[in-house]
Every structure is written in C-alpha cells, then in structure tokens.
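Undergrad: Just model.txt, nothing more (compact mmCIF, C-alpha atoms):
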# COMPACT_ATOMS: atom_id res chain seq x y z
CA MET A 1 -39.53 -88.37 -33.60
CA GLN A 2 -36.80 -89.11 -31.05
CA SER A 3 -37.28 -92.87 -31.46
CA ARG A 4 -36.82 -92.55 -35.25
CA PHE A 5 -33.62 -90.62 -34.64
CA ALA A 6 -32.40 -93.30 -32.20
CA VAL A 7 -33.12 -96.09 -34.71
CA LEU A 8 -31.40 -94.16 -37.50
CA ALA A 9 -28.37 -93.49 -35.29
CA SER A 10 -28.16 -97.19 -34.41
CA ILE A 11 -28.23 -98.16 -38.08
CA VAL A 12 -25.48 -95.66 -38.90
CA VAL A 13 -23.31 -97.05 -36.10
CA LEU A 14 -23.84 -100.65 -37.29
CA VAL A 15 -23.10 -99.76 -40.91
CA GLY A 16 -19.96 -97.90 -39.83
CA ALA A 17 -18.78 -100.92 -37.84
CA CYS A 18 -19.33 -103.23 -40.81
CA VAL A 19 -17.55 -100.90 -43.22
CA GLY A 20 -14.62 -100.56 -40.81
CA SER A 21 -14.21 -104.32 -40.56
CA ALA A 22 -14.41 -104.75 -44.34
CA VAL A 23 -11.43 -102.45 -44.85
CA ALA A 24 -9.08 -104.74 -42.93
CA THR A 25 -6.74 -106.84 -45.07
CA THR A 26 -4.45 -109.76 -44.54
CA GLY A 27 -1.52 -107.90 -46.06
CA PRO A 28 1.68 -106.87 -44.30
CA ASN A 29 1.53 -104.76 -41.18
CA PRO A 30 2.18 -101.10 -42.11
CA TYR A 31 3.70 -100.46 -38.67
CA ALA A 32 6.87 -101.81 -37.04
CA ILE A 33 8.53 -101.26 -33.68
CA VAL A 34 12.31 -100.98 -33.35
CA ASN A 35 14.02 -100.74 -29.96
CA VAL A 36 16.94 -98.31 -29.92
CA ARG A 37 19.49 -98.50 -27.10
CA LEU A 38 21.72 -95.48 -26.57
CA THR A 39 24.86 -95.94 -24.52
CA ASP A 40 27.70 -93.49 -24.06
CA GLN A 41 29.65 -95.35 -26.77
CA ARG A 42 27.17 -96.62 -29.38
CA ILE A 43 23.64 -96.98 -30.74
CA THR A 44 22.13 -100.46 -30.96
CA LEU A 45 18.95 -101.22 -32.93
CA SER A 46 16.84 -104.35 -32.39
CA LYS A 47 16.34 -104.58 -36.18
CA GLN A 48 18.70 -103.23 -38.83
CA GLY A 49 15.83 -102.98 -41.28
CA VAL A 50 12.24 -103.90 -42.04
CA HIS A 51 10.24 -105.03 -45.07
CA ASP A 52 7.18 -103.31 -46.53
CA VAL A 53 6.08 -101.01 -43.74
CA THR A 54 4.97 -97.41 -43.81
CA TYR A 55 5.61 -96.34 -40.22
CA VAL A 56 8.37 -97.31 -37.82
CA ASP A 57 8.11 -96.51 -34.12
CA PHE A 58 11.63 -96.17 -32.76
CA LEU A 59 11.52 -96.70 -28.97
CA ILE A 60 14.66 -94.87 -27.89
CA ARG A 61 16.06 -95.66 -24.44
CA ASN A 62 19.16 -93.98 -23.07
CA VAL A 63 21.06 -96.40 -20.83
CA GLY A 64 24.13 -94.18 -20.74
CA THR A 65 25.18 -91.56 -18.20
CA VAL A 66 24.81 -88.39 -20.32
CA PRO A 67 21.99 -87.10 -22.58
CA HIS A 68 21.98 -88.25 -26.20
CA ASN A 69 19.64 -87.84 -29.14
CA SER A 70 18.85 -90.08 -32.10
CA ARG A 71 18.37 -89.00 -35.70
CA ILE A 72 17.26 -91.06 -38.69
CA GLY A 73 17.14 -89.46 -42.09
CA VAL A 74 16.10 -85.85 -41.49
CA LEU A 75 14.04 -86.56 -38.35
CA GLY A 76 15.36 -86.69 -34.83
CA SER A 77 14.44 -87.05 -31.22
CA LYS A 78 14.86 -84.46 -28.54
CA ALA A 79 17.64 -84.94 -26.00
CA VAL A 80 17.04 -88.24 -24.20
CA ARG A 81 18.16 -88.10 -20.57
CA PRO A 82 19.78 -91.14 -18.91
CA GLY A 83 17.09 -93.71 -18.09
CA GLN A 84 14.49 -91.98 -20.27
CA LEU A 85 12.41 -93.64 -23.03
CA VAL A 86 11.02 -91.64 -25.98
CA HIS A 87 9.11 -92.54 -29.15
CA LEU A 88 10.19 -91.36 -32.57
CA ILE A 89 7.58 -92.37 -35.16
CA VAL A 90 8.89 -92.09 -38.71
CA ALA A 91 6.89 -92.34 -41.93
CA PHE A 92 9.41 -93.33 -44.60
CA PRO A 93 8.61 -91.79 -48.01
CA VAL A 94 10.46 -94.38 -50.13
CA TYR A 95 12.24 -97.72 -49.81
CA GLY A 96 15.97 -97.52 -49.30
CA SER A 97 18.76 -96.97 -46.82
CA TYR A 98 18.52 -94.30 -44.14
CA ARG A 99 21.44 -93.12 -42.01
CA TYR A 100 20.94 -93.01 -38.25
CA ARG A 101 23.20 -91.21 -35.80
CA SER A 102 23.48 -89.25 -32.62
CA SER A 103 24.59 -85.64 -32.68
CA LEU A 104 24.57 -84.95 -28.94
CA ASN A 105 27.48 -86.24 -26.80
CA CYS A 106 28.35 -88.75 -29.51
CA THR A 107 31.29 -90.91 -30.55
CA ARG A 108 32.26 -92.12 -34.01
CA LYS A 109 30.48 -95.43 -33.36
CA MET A 110 27.13 -93.70 -32.88
CA ILE A 111 26.26 -93.94 -36.57
CA GLY A 112 24.82 -96.60 -38.84
CA SER A 113 22.44 -97.45 -41.64
CA TYR A 114 18.81 -98.61 -41.43
CA GLN A 115 17.23 -100.43 -44.39
CA LEU A 116 13.61 -100.22 -45.52
CA ASP A 117 12.90 -102.84 -48.21
CA ARG A 118 9.99 -103.96 -50.34
CA THR A 119 7.96 -107.05 -49.51
CA LEU A 120 9.88 -110.32 -49.42
CA PRO A 121 8.83 -112.78 -52.14
CA PRO A 122 6.92 -115.86 -50.95
CA ALA A 123 9.16 -118.75 -49.93
Can the structure in the file be given as structure tokens, please?

TA:
Amino acid sequence: MQSRFAVLASIVVLVGACVGSAVATTGPNPYAIVNVRLTDQRITLSKQGVHDVTYVDFLIRNVGTVPHNSRIGVLGSKAVRPGQLVHLIVAFPVYGSYRYRSSLNCTRKMIGSYQLDRTLPPA
C-alpha cells in the first residue's frame, strides 16, 4: 500500500512540474526593478517609467544625512534612515502617470512623475 502511495505521489509531482513549465510564456516580464536614490535635496529614479509590467519593485536607498520616505501614488515606504535600503513593491492597477514624492524632511525637488505604459509596438 505504501509503495502505491509513493508511486502516486511521484506521478503527481511530475505532472505538477510539467504543468508549471507549460504555463510559462515568452511575453513581457510582469516585474520590473527601479532603483530610487534619496538625497537630502532630491529623489532620483533609475527609470522614469516602464512598459507593460504589473509589479514594480522600488529599491529605495537613502544616501542623505536625515531620514526620508518615498511615496508613489497612494503607497509609501516607512522612514528610510541614512544608509538604509528598503523595498517598496507596487502593483499598479492601470496604465498611466503616477506622482512620486517624499513627505518626510523633503524639499520642493523631491517630487516627480513615474509613467507606466502599455507594450511598445514591434520595431
């Protein structure tokens, strides 16, 4: 009885592995990484926008001397201490422009716009 169970379990694992590999596509990556650099004067993003992604992982690093935070749309990070790196993973509901800013120890230059666009047409 135990050997039948072991064989059945092996078959289930193999079928699950095959089904998992069949789901993969060659379409665009639904995930993007954007490096965010916080200084005491401004916010700098490695990309001002992305095309056809669902999730964006903002890697926020504070290289300034005082704590700052980073907000995009309605989501935001906690206070990021000097030298600290935090992740802010955002699932964007629709394509469009999203405002980013800092609301902790900020200047007027700590604001901008991030663009999420549809897929680029083939060249």

Undergrad: Please report the interatomic distance between CA of Asp57 in chain A and CA of Lys109 in chain A in Å with one decimal.

TA: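 Atom-to-atom, CA of Asp57 in chain A to CA of Lys109 in chain A, that is 22.4 Å.
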
Undergrad: Can you pull out the residues contacting Ser70 in chain A? Cut-off 12 Å, using all atoms listed in the file, and skip same-chain residues under 5 positions away; I want them as a CSV table (one decimal) with C-alpha atoms, keeping the file's coordinate frame.

TA:
chain,number,residue,atom,x,y,z
A,35,ASN,CA,14.0,-100.7,-30.0
A,36,VAL,CA,16.9,-98.3,-29.9
A,37,ARG,CA,19.5,-98.5,-27.1
A,38,LEU,CA,21.7,-95.5,-26.6
A,39,THR,CA,24.9,-95.9,-24.5
A,42,ARG,CA,27.2,-96.6,-29.4
A,43,ILE,CA,23.6,-97.0,-30.7
A,44,THR,CA,22.1,-100.5,-31.0
A,45,LEU,CA,19.0,-101.2,-32.9
A,58,PHE,CA,11.6,-96.2,-32.8
A,59,LEU,CA,11.5,-96.7,-29.0
A,60,ILE,CA,14.7,-94.9,-27.9
A,61,ARG,CA,16.1,-95.7,-24.4
A,62,ASN,CA,19.2,-94.0,-23.1
A,75,LEU,CA,14.0,-86.6,-38.4
A,76,GLY,CA,15.4,-86.7,-34.8
A,77,SER,CA,14.4,-87.0,-31.2
A,78,LYS,CA,14.9,-84.5,-28.5
A,79,ALA,CA,17.6,-84.9,-26.0
A,80,VAL,CA,17.0,-88.2,-24.2
A,81,ARG,CA,18.2,-88.1,-20.6
A,85,LEU,CA,12.4,-93.6,-23.0
A,86,VAL,CA,11.0,-91.6,-26.0
A,87,HIS,CA,9.1,-92.5,-29.2
A,88,LEU,CA,10.2,-91.4,-32.6
A,89,ILE,CA,7.6,-92.4,-35.2
A,99,ARG,CA,21.4,-93.1,-42.0
A,100,TYR,CA,20.9,-93.0,-38.2
A,101,ARG,CA,23.2,-91.2,-35.8
A,102,SER,CA,23.5,-89.2,-32.6
A,103,SER,CA,24.6,-85.6,-32.7
A,104,LEU,CA,24.6,-85.0,-28.9
A,105,ASN,CA,27.5,-86.2,-26.8
A,106,CYS,CA,28.4,-88.8,-29.5
A,110,MET,CA,27.1,-93.7,-32.9
A,111,ILE,CA,26.3,-93.9,-36.6
A,112,GLY,CA,24.8,-96.6,-38.8

Undergrad: Please check which residues have atoms at most 9 Å from (20.4, -87.5, -17.0) in the file's coordinates, counting only C-alpha atoms, and write them as a compact mmCIF listing (two decimals) with C-alpha atoms, in the coordinates of the input.

TA:
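selection01.txt, freshly written:
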# COMPACT_ATOMS: atom_id res chain seq x y z
CA ASN A 62 19.16 -93.98 -23.07
CA GLY A 64 24.13 -94.18 -20.74
CA THR A 65 25.18 -91.56 -18.20
CA VAL A 66 24.81 -88.39 -20.32
CA PRO A 67 21.99 -87.10 -22.58
CA VAL A 80 17.04 -88.24 -24.20
CA ARG A 81 18.16 -88.10 -20.57
CA PRO A 82 19.78 -91.14 -18.91
CA GLY A 83 17.09 -93.71 -18.09
CA GLN A 84 14.49 -91.98 -20.27

Undergrad: At a cut-off of 9 Å, using only C-alpha atoms, what residues contact Gln115 in chain A? Leave out same-chain residues fewer than 4 positions from it and give the result as a tab-separated table (two decimals) with C-alpha atoms, in the frame of the given file.

TA:
chain	number	residue	atom	x	y	z
A	48	GLN	CA	18.70	-103.23	-38.83
A	49	GLY	CA	15.83	-102.98	-41.28
A	50	VAL	CA	12.24	-103.90	-42.04
A	51	HIS	CA	10.24	-105.03	-45.07
A	95	TYR	CA	12.24	-97.72	-49.81
A	96	GLY	CA	15.97	-97.52	-49.30
A	97	SER	CA	18.76	-96.97	-46.82
A	98	TYR	CA	18.52	-94.30	-44.14
A	99	ARG	CA	21.44	-93.12	-42.01

Undergrad: Quote the spacing between CA of Asn69 in chain A and CA of Pro93 in chain A in Å to one decimal place.

TA: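 Separation of CA of Asn69 in chain A and CA of Pro93 in chain A: 22.2 Å.
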
Undergrad: Which is closest to Ile72 in chain A among A:Leu116, A:Val90, A:Val34, A:Val53, if we use all atoms listed in the file?

TA: A:Val90

Undergrad: Have a look at A:Asp52, A:Ala91, A:Val74, A:Val63 and name the one nearest to Asp117 in chain A; count all atoms listed in the file.

TA: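 So, comparing all the options, the nearest one is A:Asp52.
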
Undergrad: Restricting the calculation to only C-alpha atoms: of A:Tyr114, A:Gly73, A:Arg108, A:His68, which residue gets closest to Ser46 in chain A?

TA: A:Tyr114
